[in-house]
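Asks: Next up, protein-v1.txt (compact mmCIF, C-alpha atoms).
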# COMPACT_ATOMS: atom_id res chain seq x y z
CA MET B 29 99.74 44.66 118.26
CA ILE B 30 98.55 41.10 117.65
CA CYS B 31 99.86 38.93 114.83
CA VAL B 32 98.07 35.86 113.48
CA TYR B 33 100.14 33.52 111.33
CA VAL B 34 98.05 31.04 109.34
CA ALA B 35 100.07 28.17 107.89
CA ILE B 36 98.12 26.38 105.15
CA GLY B 37 99.40 23.14 103.65
CA GLN B 38 102.88 23.64 105.11
CA LYS B 39 105.11 20.91 106.49
CA GLY B 40 105.19 20.63 110.26
CA SER B 41 108.96 21.05 110.32
CA THR B 42 108.70 24.29 108.33
CA VAL B 43 106.16 25.75 110.73
CA ALA B 44 108.25 24.61 113.69
CA ALA B 45 111.24 26.49 112.28
CA VAL B 46 109.10 29.63 111.90
CA VAL B 47 107.91 29.32 115.50
CA GLU B 48 111.48 28.93 116.74
CA LYS B 49 112.49 32.05 114.83
CA LEU B 50 109.57 33.96 116.37
CA LYS B 51 110.61 32.78 119.84
CA GLU B 52 114.17 33.87 119.18
CA PHE B 53 113.05 37.46 118.60
CA GLY B 54 110.38 37.41 121.32
CA ALA B 55 107.51 37.68 118.84
CA MET B 56 105.55 34.70 120.16
CA ASP B 57 104.36 36.86 123.08
CA TYR B 58 101.90 38.54 120.72
CA THR B 59 101.58 35.96 117.92
CA ILE B 60 98.93 33.32 117.32
CA VAL B 61 99.84 30.41 115.03
CA VAL B 62 97.03 28.62 113.18
CA LEU B 63 98.24 25.43 111.53
CA ALA B 64 96.54 23.30 108.91
CA SER B 65 99.49 21.22 107.79
CA ALA B 66 99.88 19.28 104.57
CA SER B 67 98.81 16.11 106.38
CA GLU B 68 95.47 17.65 107.36
CA PRO B 69 92.40 16.94 105.20
CA ALA B 70 91.28 19.47 102.61
CA PRO B 71 88.38 20.88 104.72
CA MET B 72 90.82 21.87 107.47
CA GLN B 73 93.11 23.62 104.99
CA TYR B 74 90.09 25.37 103.48
CA ILE B 75 88.73 26.69 106.79
CA ALA B 76 92.07 27.66 108.38
CA PRO B 77 92.35 31.18 106.81
CA PHE B 78 88.81 32.05 107.89
CA SER B 79 89.58 30.85 111.42
CA GLY B 80 92.69 33.00 111.60
CA CYS B 81 90.83 35.99 110.20
CA ALA B 82 88.07 35.56 112.81
CA MET B 83 90.67 35.60 115.60
CA ALA B 84 92.22 38.77 114.18
CA GLU B 85 88.78 40.38 113.89
CA TYR B 86 88.13 39.68 117.57
CA PHE B 87 91.18 41.72 118.58
CA MET B 88 90.28 44.44 116.08
CA TYR B 89 86.62 44.88 117.09
CA ASP B 90 86.56 43.85 120.76
CA GLU B 91 90.08 44.63 121.98
CA LYS B 92 90.50 47.71 119.74
CA LYS B 93 94.01 46.63 118.72
CA ALA B 94 96.04 46.70 115.54
CA THR B 95 96.27 43.20 114.11
CA LEU B 96 98.22 41.55 111.32
CA CYS B 97 97.03 38.33 109.67
CA VAL B 98 99.53 36.45 107.49
CA TYR B 99 98.18 33.76 105.15
CA ASP B 100 100.93 31.34 104.11
CA ASP B 101 99.92 30.48 101.53
CA LEU B 102 96.59 31.00 99.82
CA SER B 103 97.45 28.88 96.79
CA LYS B 104 97.29 25.84 99.10
CA GLN B 105 93.82 26.88 100.20
CA ALA B 106 92.77 27.26 96.57
CA ALA B 107 93.97 23.71 95.89
CA ALA B 108 91.99 22.45 98.89
CA TYR B 109 88.92 24.33 97.70
CA ARG B 110 89.34 22.78 94.25
CA GLN B 111 89.49 19.33 95.83
CA LEU B 112 86.30 19.95 97.79
CA SER B 113 84.53 21.35 94.74
CA LEU B 114 85.43 18.34 92.60
CA VAL B 115 84.18 15.98 95.30
CA LEU B 116 80.91 17.95 95.37
CA ARG B 117 80.74 17.63 91.56
CA ARG B 118 80.73 21.36 90.96
CA PRO B 119 81.44 22.40 87.35
CA PRO B 120 85.20 22.85 86.92
CA ARG B 121 86.77 25.83 85.17
CA PRO B 122 90.37 26.36 83.95
CA GLU B 123 92.82 24.04 85.73
CA ALA B 124 89.81 22.34 87.38
CA TYR B 125 89.24 25.28 89.73
CA PRO B 126 85.63 26.24 90.42
CA GLY B 127 84.35 29.47 88.98
CA ASP B 128 84.24 31.31 92.32
CA VAL B 129 87.84 30.63 93.37
CA PHE B 130 88.58 34.32 92.82
CA TYR B 131 85.78 35.42 95.13
CA LEU B 132 86.97 32.91 97.73
CA HIS B 133 89.99 35.05 98.49
CA SER B 134 88.55 38.44 97.59
CA ARG B 135 85.96 37.98 100.34
CA LEU B 136 88.71 36.97 102.74
CA LEU B 137 91.06 39.86 101.97
CA GLU B 138 88.30 42.45 101.98
CA ARG B 139 87.70 41.74 105.66
CA ALA B 140 90.86 43.74 106.36
CA ALA B 141 89.90 47.22 107.55
CA LYS B 142 90.81 50.26 109.63
CA LEU B 143 88.11 51.31 112.10
CA SER B 144 87.27 54.92 112.80
CA ASP B 145 87.98 56.53 116.16
CA PRO B 146 84.37 56.18 117.40
CA MET B 147 84.62 52.44 116.58
CA GLY B 148 87.82 52.07 118.59
CA ALA B 149 90.47 52.73 115.89
CA GLY B 150 91.34 49.06 115.59
CA SER B 151 92.76 47.67 112.37
CA LEU B 152 93.27 44.42 110.53
CA THR B 153 96.05 44.15 107.96
CA ALA B 154 96.05 41.11 105.67
CA LEU B 155 99.33 39.81 104.24
CA PRO B 156 98.57 37.08 101.68
CA ILE B 157 101.36 34.87 100.36
CA ILE B 158 100.81 33.18 97.00
CA GLU B 159 103.09 30.55 95.48
CA THR B 160 104.04 30.92 91.84
CA GLN B 161 105.88 28.55 89.55
CA ARG B 162 109.20 29.80 88.17
CA ALA B 163 108.36 33.46 88.85
CA THR B 164 105.35 33.42 86.58
CA SER B 165 101.79 34.47 87.27
CA ARG B 166 100.22 32.78 84.26
CA LEU B 167 98.45 30.06 86.25
CA HIS B 168 94.71 30.58 86.48
CA SER B 169 94.51 30.64 90.28
CA THR B 170 97.58 32.82 90.76
CA LYS B 171 96.50 35.36 88.15
CA ARG B 172 93.07 35.65 89.76
CA HIS B 173 94.72 36.46 93.08
CA LEU B 174 96.99 39.06 91.55
CA ASP B 175 94.09 40.64 89.67
CA HIS B 176 92.46 41.37 93.01
CA ARG B 177 94.88 44.20 93.70
CA ARG B 178 96.79 46.75 91.67
CA PRO B 179 100.44 45.72 91.86
CA ASP B 180 102.82 48.36 93.14
CA PHE B 181 106.04 46.39 92.69
CA PRO B 182 107.49 44.38 89.80
CA ARG B 183 106.87 40.64 90.01
CA ASP B 184 109.15 39.83 87.08
CA ARG B 185 112.53 38.57 88.26
CA HIS B 186 114.34 40.28 85.41
CA VAL B 187 112.73 43.62 86.23
CA LEU B 188 113.69 43.25 89.86
CA LEU B 189 117.29 42.43 89.04
CA GLU B 190 117.76 45.01 86.34
CA ARG B 191 115.76 47.69 88.20
CA ALA B 192 113.96 48.64 85.02
CA ALA B 193 111.76 51.70 85.02
CA GLY B 194 108.05 51.23 85.58
CA ASP B 195 106.22 49.08 88.09
CA GLN B 196 104.23 46.80 85.81
CA PRO B 197 105.78 44.59 83.14
CA GLY B 198 103.62 44.34 80.05
CA ASP B 199 103.00 40.60 80.23
CA PHE B 200 101.96 40.75 83.88
CA GLY B 201 99.12 43.22 83.40
CA VAL B 202 96.08 43.30 85.60
CA ALA B 203 93.05 41.97 83.76
CA ARG B 204 90.63 44.57 82.42
CA ARG B 205 87.32 43.10 81.34
CA GLY B 206 84.85 44.81 79.07
CA ASN B 207 85.47 47.95 77.03
CA ALA B 208 87.90 49.54 79.48
CA GLN B 209 90.30 50.63 76.73
CA ILE B 210 89.51 53.23 74.14
CA LYS B 211 89.90 52.39 70.47
CA ALA B 212 93.16 54.34 70.04
CA MET B 213 94.73 52.55 73.02
CA LYS B 214 93.71 49.17 71.62
CA GLN B 215 95.35 49.99 68.30
CA VAL B 216 98.59 51.04 69.97
CA ALA B 217 98.73 48.24 72.54
CA GLY B 218 97.51 45.47 70.25
CA ARG B 219 100.99 44.20 69.32
CA LEU B 220 102.75 45.03 72.58
CA ARG B 221 102.46 41.53 74.01
CA LEU B 222 103.80 39.95 70.82
CA ASP B 223 106.63 42.48 70.56
CA LEU B 224 107.54 41.96 74.21
CA ALA B 225 107.54 38.17 73.80
CA GLN B 226 109.85 38.45 70.78
CA TYR B 227 112.13 40.78 72.73
CA ARG B 228 112.30 38.33 75.64
CA GLU B 229 113.24 35.49 73.30
CA LEU B 230 115.95 37.60 71.67
CA GLU B 231 117.21 38.69 75.08
CA ALA B 232 117.45 35.09 76.29
CA PHE B 233 119.28 34.07 73.10
CA ALA B 234 121.75 36.96 73.47
CA GLN B 235 122.40 36.03 77.10
CA PHE B 236 123.05 32.43 76.07
CA ALA B 237 125.46 33.62 73.37
CA ARG B 238 127.37 35.79 75.86
CA SER B 239 127.64 33.02 78.45
CA SER B 240 128.76 30.44 75.87
CA THR B 241 131.40 32.87 74.54
CA ARG B 242 132.77 33.39 78.04
CA ARG B 243 132.96 29.63 78.65
CA ARG B 244 134.68 29.10 75.31
CA ARG B 245 137.25 31.80 76.00
CA SER B 246 137.99 30.45 79.46
CA SER B 247 138.74 27.04 77.92
CA TRP B 248 141.35 28.47 75.50
CA PRO B 249 144.95 27.68 76.50
CA ALA B 250 147.29 30.47 77.42
CA VAL B 251 149.49 31.98 74.68
CA GLY B 252 152.64 30.53 76.24
CA ALA B 253 151.19 27.04 76.13
CA TRP B 254 151.13 27.11 72.31
CA TRP B 255 154.87 27.80 72.18
CA LYS B 256 155.60 24.96 74.56
CA CYS B 257 153.82 22.61 72.18
Since I need it in another form, could you write the structure as structure tokens?

Replies:
Amino acid sequence: MICVYVAIGQKGSTVAAVVEKLKEFGAMDYTIVVLASASEPAPMQYIAPFSGCAMAEYFMYDEKKATLCVYDDLSKQAAAYRQLSLVLRRPPRPEAYPGDVFYLHSRLLERAAKLSDPMGAGSLTALPIIETQRATSRLHSTKRHLDHRRPDFPRDRHVLLERAAGDQPGDFGVARRGNAQIKAMKQVAGRLRLDLAQYRELEAFAQFARSSTRRRRSSWPAVGAWWKC
């Protein structure tokens, strides 16, 4: 097996720590590290994932091996692509990203494949890492990445901690464009987002009330202290 680790926009010290950890477990014997650090210009950060993917494809097609390509992280590449697009005076979209930022990574991730036995039975597994802000996927670029695949695990921190049933919180739904929902489903689901938002606000308020009550009780003096006064 061959692993390709593509570090995009990362600090050199962070990548060095990752390499040391790989050496500690003997993983550098079959690992290729592609680095486009934060100090590199935007074109280098933009092209780094494609370079790593091309290396992994070589081992898949020519060496007939199983390969793993880790992209850490693609949100940095999207920012570099946005910078290049603005310099080229391309029309900006939400958050100044170009309109094809979604296809930028869909084309990259769809190069992962498993070859048939006549083709050598090689494989390429893509492991994209995407940075989010405060465990939310509401940002335009992040949501486009998450829409590319059907999530099979909860991304909401509260769902992870509470182990709630279901694998898809209501406010983290995958986008469905067009008339994908029937009329009855639209009528039922129309208020779900609003109801869920109101529930989250009430839940946060109740948690604040419980924590403040505990702090207030812990500050009360012991019963014996009143008698001493």

Asks: Which value, in Å to one decimal, gives the distance between atom CA of B:Asp100 and atom CA of B:Met88?

Replies: 20.7 Å

Asks: Which residue is closest to B:Pro77? Choose from B:Ala225, B:Ala107, B:Ala124, B:Ala35 and count all atoms listed in the file.

Replies: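 Looking only at the distances to B:Pro77, the closest residue turns out to be B:Ala35.
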
Asks: Between atom CA of B:Val129 and atom CA of B:Met72, measure the distance and give it in Å to one decimal.

Replies: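 One can read the atom CA of B:Val129 to atom CA of B:Met72 distance as 16.9 Å.
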
Asks: B:Leu136: which residues within 10 Å, counting all atoms listed in the file, same-chain residues fewer than 4 positions away excluded, as JSON, numbers by chain?

Replies: {"B": [77, 78, 81, 131, 132, 140, 154, 156]}

Asks: Using atom CA of B:Leu102 and atom CA of B:Gly150 as the two end points, give the distance in Å to one decimal.

Replies: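 Atom CA of B:Leu102 sits 24.5 Å away from atom CA of B:Gly150.
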
Asks: Counting all atoms listed in the file, which of B:His133, B:Arg228, B:Lys142, B:Lys39 gets nearest to B:Lys92?

Replies: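 For B:Lys92, the nearest of the given residues is B:Lys142.
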
Asks: Return the single residue from B:Ala44, B:Ala84, B:Leu224, B:Val34 that is closest to B:Val62, with distances computed using only C-alpha atoms.

Replies: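 The closest residue to B:Val62 is B:Val34.
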
Asks: Can you pull out the residues contacting B:Ala70? Cut-off 10 Å, using only C-alpha atoms, and skip same-chain residues under 5 positions away; I want them as a list in words.

Replies: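 Within the cut-off, the hits are Gly37, Ala64, Ser65, Ile75, Lys104, Gln105, Ala106, Ala107, Ala108, Tyr109, Arg110, Gln111 and Leu112 of chain B.
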
Asks: As lines of an AutoDock Vina configuration file, please: the centre and edge lengths in Å, to one decimal, of an axis-aligned box enclosing every listed atom of stretch 49-55 of chain B with 8 Å added on each side.

Replies:
center_x = 110.8
center_y = 34.9
center_z = 118.1
size_x = 22.7
size_y = 21.6
size_z = 22.5

Asks: From (104.7, 33.6, 119.9), in the file's coordinates, out to 12 Å: which residues are reached, counting all atoms listed in the file? Answer as a VMD selection string.

Replies: chain B and resid 30 to 33 44 46 to 62
